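Report on the structure given below.
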Amino acid sequence: DRLEHIVKDMHADVYGTEGSATRHLVQLRTPPPSDAAKLALEALRSAGEDIPLNLAPLPTDNTCNQIDGETKAGQAAATDEAAVHDSEDATNNNVYETDNLLSMYLGLHFPLSGSKENVSPIMDHDNSPIHGLRFPQRVADLLRSLNPVRTNNRVLDVGCAVGGSSFELAKSFDHVEAFDFSENFIAAAKRLQSGEELTFKVPIEGDITEEVSVVHEPGVDAAVMGRVNFFQGDACALSEYADSKQGFGTFDGVILANLLCRLPDPMSTLNALPKIVNKGGVVVIVTPFTWLEDFTLRSKWLGGFNDAVSHKPIYSKDKLKEIMEELGFVKIHDEEMPLVIREHRRKYQYIISEATGWRKK
């Protein structure tokens with residue numbers, strides 16, 4: 001009984017208690033195993049228990065799509081090793097290629113979906129956090145409101161998922177390049193772009209779901225959607241795209257939404273920005289700064305740790321400002337941007353990301 005209790009505690013310490021089907025979306029709140037947990041695990045191993053040495057594999061290289069040698073995808077938010085193992089319909093250990101996750105992202109990116117079927121994105125109740133809806137559209141609106149200098153009227157959506165931000169951007173710019181590492185997400189975005197009517201399942205309770213049709217935002221029509229070029233890509237390959245990808249070019253605006261703290265090497269993405277952003281252009285970075293060694297080696301975190309010498313806390317917000325200024329950008333905007341993700345009719349997850357705007361000098 002004591003052994004079972006310890007194992008359960010260790011599992012909660014590593015993976016937390018939220019449902020595995022949605023932990024990839026909310027930037028895990030549970031830190032890597034504590035020193036006490038590591039000692040307890042080692043004691044269990046010494047007692048003959050078959051405890052794996054790495055409960056949560058770490059990235060093994062500097063590419064955004066490799067974790068412990070297995071391909072990972074989806075750069076719109078984050079991924080979780082536990083969710084991979086728990087998804088029965090996972091393909092090649094890729095949580096972002098499942099039907100359940102596609103449905104969840106379609107709901108997140110197109111919150112008007114369900115209006116035809118009378119299925120609300122949030123159950124009606126007092127003080128409903130409806131301000132957390134339309135997150136992709138609000139990210140796009142923020143870029144637009146910061147008035148980037150129009151050099152070529154082109155923008156880039158890094159980690160576009162199923163295209164909610166991309167289509168919104170296309171209402172105001174002549175051309176949008178948009179990519180995500182998930183083939184499933186990009187395929188869905190292209191199907192919507194072609195005019196196909198997609199349906200997806202909205203979780204209600206337990207195994208009960210409601211099938212709803214995707215509904216676009218007002219003003220998103222065929223002409224607008226036709227301004228977007230979707231492709232599968234890697235956020236850590238931005239520099240390579242700038243140098244050699246045909247037709248990639250430069251941009252007046254770039255958005256990175258809930259992406260930065262889930263990259264194995266965030267600096268590889270940030271360092272590419274001066275190459276691809278036009279003078280006077282604006283970069284919008286939205287992130288909750290949730291660093292985990294499951295996804296980013298501690299040595300590559302921007303902040304979220306105490307200085308080894310002074311023992312003073314190093315915050316990612318301050319470090320990002322230092323980095324962006326060194327790269328030739330000036331901070332022009334800062335706000336807290338909430339996000340609501342549905343688990344089922346009576347359970348939602350509430351995230352507060354920091355949204356910053358940076359203009360290239």
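Letters for chains follow the order of the structure tokens (A, B, ...), residue numbers begin at 1 for each chain, and ligand numbers begin at 1 in the order shown.
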
Selection: 12 Å around Asp221 in chain A, only C-alpha atoms, excl. self and same-chain fewer than 4 positions, as a list of chain:residue names | A:Phe167, A:Glu168, A:Ala170, A:Lys171, A:Leu192, A:Gln193, A:Ser194, A:Gly195, A:Val215, A:His216, A:Glu217, A:Met225, A:Gly226, A:Arg227, A:Val228

Residues at most 9 Å from Leu270 in chain A, counting only C-alpha atoms, excluding those fewer than 2 positions away in the same chain, as a PDB file with all heavy atoms, in the first residue's frame?
```
ATOM      1  N   CYS A 236      11.718  26.372 -36.003  1.00  0.00           N
ATOM      2  CA  CYS A 236      13.156  26.553 -35.841  1.00  0.00           C
ATOM      3  C   CYS A 236      13.883  26.654 -37.180  1.00  0.00           C
ATOM      4  O   CYS A 236      15.106  26.803 -37.206  1.00  0.00           O
ATOM      5  CB  CYS A 236      13.741  25.411 -35.013  1.00  0.00           C
ATOM      6  SG  CYS A 236      13.261  25.477 -33.280  1.00  0.00           S
ATOM      7  N   LEU A 238      13.090  29.008 -39.465  1.00  0.00           N
ATOM      8  CA  LEU A 238      12.803  30.328 -40.026  1.00  0.00           C
ATOM      9  C   LEU A 238      13.995  30.907 -40.777  1.00  0.00           C
ATOM     10  O   LEU A 238      13.852  31.469 -41.864  1.00  0.00           O
ATOM     11  CB  LEU A 238      12.382  31.289 -38.916  1.00  0.00           C
ATOM     12  CG  LEU A 238      10.911  31.282 -38.495  1.00  0.00           C
ATOM     13  CD1 LEU A 238      10.672  32.344 -37.436  1.00  0.00           C
ATOM     14  CD2 LEU A 238       9.996  31.499 -39.684  1.00  0.00           C
ATOM     15  N   LEU A 260       6.445  30.037 -27.973  1.00  0.00           N
ATOM     16  CA  LEU A 260       7.845  30.231 -27.598  1.00  0.00           C
ATOM     17  C   LEU A 260       8.322  29.249 -26.530  1.00  0.00           C
ATOM     18  O   LEU A 260       9.418  28.687 -26.643  1.00  0.00           O
ATOM     19  CB  LEU A 260       8.048  31.670 -27.121  1.00  0.00           C
ATOM     20  CG  LEU A 260       9.494  32.157 -27.021  1.00  0.00           C
ATOM     21  CD1 LEU A 260      10.146  32.203 -28.392  1.00  0.00           C
ATOM     22  CD2 LEU A 260       9.532  33.541 -26.370  1.00  0.00           C
ATOM     23  N   PRO A 266      14.238  28.135 -28.377  1.00  0.00           N
ATOM     24  CA  PRO A 266      13.515  29.377 -28.704  1.00  0.00           C
ATOM     25  C   PRO A 266      14.377  30.408 -29.417  1.00  0.00           C
ATOM     26  O   PRO A 266      13.887  31.133 -30.280  1.00  0.00           O
ATOM     27  CB  PRO A 266      13.072  29.891 -27.327  1.00  0.00           C
ATOM     28  CG  PRO A 266      13.101  28.702 -26.434  1.00  0.00           C
ATOM     29  CD  PRO A 266      14.200  27.826 -26.941  1.00  0.00           C
ATOM     30  N   MET A 267      15.660  30.463 -29.076  1.00  0.00           N
ATOM     31  CA  MET A 267      16.527  31.474 -29.679  1.00  0.00           C
ATOM     32  C   MET A 267      16.703  31.262 -31.175  1.00  0.00           C
ATOM     33  O   MET A 267      16.907  32.224 -31.920  1.00  0.00           O
ATOM     34  CB  MET A 267      17.886  31.495 -28.984  1.00  0.00           C
ATOM     35  CG  MET A 267      17.881  32.138 -27.608  1.00  0.00           C
ATOM     36  SD  MET A 267      17.247  33.837 -27.620  1.00  0.00           S
ATOM     37  CE  MET A 267      18.342  34.613 -28.804  1.00  0.00           C
ATOM     38  N   SER A 268      16.618  30.024 -31.647  1.00  0.00           N
ATOM     39  CA  SER A 268      16.767  29.789 -33.088  1.00  0.00           C
ATOM     40  C   SER A 268      15.642  30.461 -33.858  1.00  0.00           C
ATOM     41  O   SER A 268      15.832  30.919 -34.990  1.00  0.00           O
ATOM     42  CB  SER A 268      16.792  28.285 -33.390  1.00  0.00           C
ATOM     43  OG  SER A 268      15.537  27.694 -33.098  1.00  0.00           O
ATOM     44  N   ALA A 272      16.018  34.524 -36.019  1.00  0.00           N
ATOM     45  CA  ALA A 272      15.692  34.634 -37.448  1.00  0.00           C
ATOM     46  C   ALA A 272      14.838  35.854 -37.756  1.00  0.00           C
ATOM     47  O   ALA A 272      14.724  36.255 -38.918  1.00  0.00           O
ATOM     48  CB  ALA A 272      14.965  33.368 -37.905  1.00  0.00           C
ATOM     49  N   LEU A 273      14.236  36.459 -36.737  1.00  0.00           N
ATOM     50  CA  LEU A 273      13.296  37.552 -36.984  1.00  0.00           C
ATOM     51  C   LEU A 273      13.894  38.734 -37.737  1.00  0.00           C
ATOM     52  O   LEU A 273      13.238  39.282 -38.635  1.00  0.00           O
ATOM     53  CB  LEU A 273      12.676  38.005 -35.658  1.00  0.00           C
ATOM     54  CG  LEU A 273      11.771  36.973 -34.975  1.00  0.00           C
ATOM     55  CD1 LEU A 273      11.291  37.496 -33.622  1.00  0.00           C
ATOM     56  CD2 LEU A 273      10.581  36.624 -35.865  1.00  0.00           C
ATOM     57  N   PRO A 274      15.128  39.191 -37.422  1.00  0.00           N
ATOM     58  CA  PRO A 274      15.668  40.330 -38.182  1.00  0.00           C
ATOM     59  C   PRO A 274      15.777  40.062 -39.678  1.00  0.00           C
ATOM     60  O   PRO A 274      15.670  40.994 -40.478  1.00  0.00           O
ATOM     61  CB  PRO A 274      17.058  40.535 -37.555  1.00  0.00           C
ATOM     62  CG  PRO A 274      16.938  39.988 -36.176  1.00  0.00           C
ATOM     63  CD  PRO A 274      16.013  38.805 -36.308  1.00  0.00           C
ATOM     64  N   ILE A 323      16.579  40.506 -25.319  1.00  0.00           N
ATOM     65  CA  ILE A 323      16.890  39.793 -26.563  1.00  0.00           C
ATOM     66  C   ILE A 323      16.355  40.563 -27.774  1.00  0.00           C
ATOM     67  O   ILE A 323      17.060  40.772 -28.766  1.00  0.00           O
ATOM     68  CB  ILE A 323      16.304  38.370 -26.534  1.00  0.00           C
ATOM     69  CG1 ILE A 323      17.034  37.515 -25.493  1.00  0.00           C
ATOM     70  CG2 ILE A 323      16.386  37.718 -27.916  1.00  0.00           C
ATOM     71  CD1 ILE A 323      16.346  36.203 -25.196  1.00  0.00           C
ATOM     72  N   MET A 324      15.097  40.974 -27.706  1.00  0.00           N
ATOM     73  CA  MET A 324      14.489  41.645 -28.849  1.00  0.00           C
ATOM     74  C   MET A 324      15.166  42.979 -29.137  1.00  0.00           C
ATOM     75  O   MET A 324      15.328  43.360 -30.309  1.00  0.00           O
ATOM     76  CB  MET A 324      12.987  41.828 -28.610  1.00  0.00           C
ATOM     77  CG  MET A 324      12.196  40.519 -28.591  1.00  0.00           C
ATOM     78  SD  MET A 324      12.278  39.612 -30.171  1.00  0.00           S
ATOM     79  CE  MET A 324      11.197  40.621 -31.184  1.00  0.00           C
ATOM     80  N   LEU A 327      18.247  42.371 -30.982  1.00  0.00           N
ATOM     81  CA  LEU A 327      17.962  41.969 -32.357  1.00  0.00           C
ATOM     82  C   LEU A 327      17.473  43.140 -33.212  1.00  0.00           C
ATOM     83  O   LEU A 327      17.201  42.961 -34.408  1.00  0.00           O
ATOM     84  CB  LEU A 327      16.923  40.834 -32.374  1.00  0.00           C
ATOM     85  CG  LEU A 327      17.388  39.492 -31.802  1.00  0.00           C
ATOM     86  CD1 LEU A 327      16.219  38.511 -31.750  1.00  0.00           C
ATOM     87  CD2 LEU A 327      18.531  38.911 -32.633  1.00  0.00           C
TER      88      LEU A 327
END
```

Distance in Å - CA of Thr250 in chain A versus CA of Asn271 in chain A =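 Interatomic distance, CA of Thr250 in chain A to CA of Asn271 in chain A: 14.5 Å.
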
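Using only C-alpha atoms, the residues found no farther than 7 Å from Gly328 in chain A, other than those of its own chain fewer than 3 positions away, are Met324, Glu325, Lys360 and Lys361 of chain A.
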
Fewer than 6 positions away in the same chain doesn't count, so skip those; otherwise give me all residues within 8 Å of Thr356 in chain A, counting only C-alpha atoms, as number ranges by chain.
-> A: 284-286, 331-335

Which is closest to Pro203 in chain A among A:Val330, A:Leu302, A:Ala308, A:Val119, if we use only C-alpha atoms?
->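 Nearest candidate to Pro203 in chain A out of A:Val330, A:Leu302, A:Ala308, A:Val119: A:Val119.
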
Write down as a PyMOL selection string the residues belonging to range 86-217 of chain A that are assigned alpha helix (DSSP H) by DSSP computed on the backbone.
-> chain A and resi 86+99-109+135-145+164-169+183-193

Please measure the separation of CA of Tyr315 in chain A and CA of Val283 in chain A, giving the value in Å to one decimal.
-> 20.2 Å

Residue among A:Asp207, A:Asn229, A:Asn152, A:Gly219 lying closest to Phe179 in chain A, counting only C-alpha atoms | A:Asn229

Which one of A:Ala355, A:Val340, A:Ala188, A:Val254 sits closest to Pro111 in chain A if you count only C-alpha atoms?
->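 Comparing A:Ala355, A:Val340, A:Ala188, A:Val254 against Pro111 in chain A, the winner is A:Val340.
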
The residue from A:Leu102, A:Ile204, A:Val277, A:Ala189 with the smallest atom-to-atom distance to Ser166 in chain A, counting only C-alpha atoms, is A:Ala189

With distances taken over only C-alpha atoms, the candidate from A:Cys160, A:Ile276, A:Val176, A:Leu133 nearest Gln232 in chain A is A:Cys160

Selection near Ile351 in chain A, 8 Å with only C-alpha atoms, sequence-local residues under 2 positions removed, as a list in words = Val26, Pro288, Pro338, Leu339, Val340, Gln349 and Ser353 of chain A

As a check of understanding: the span from CA of Asp126 in chain A to CA of Arg346 in chain A is 13.2 Å
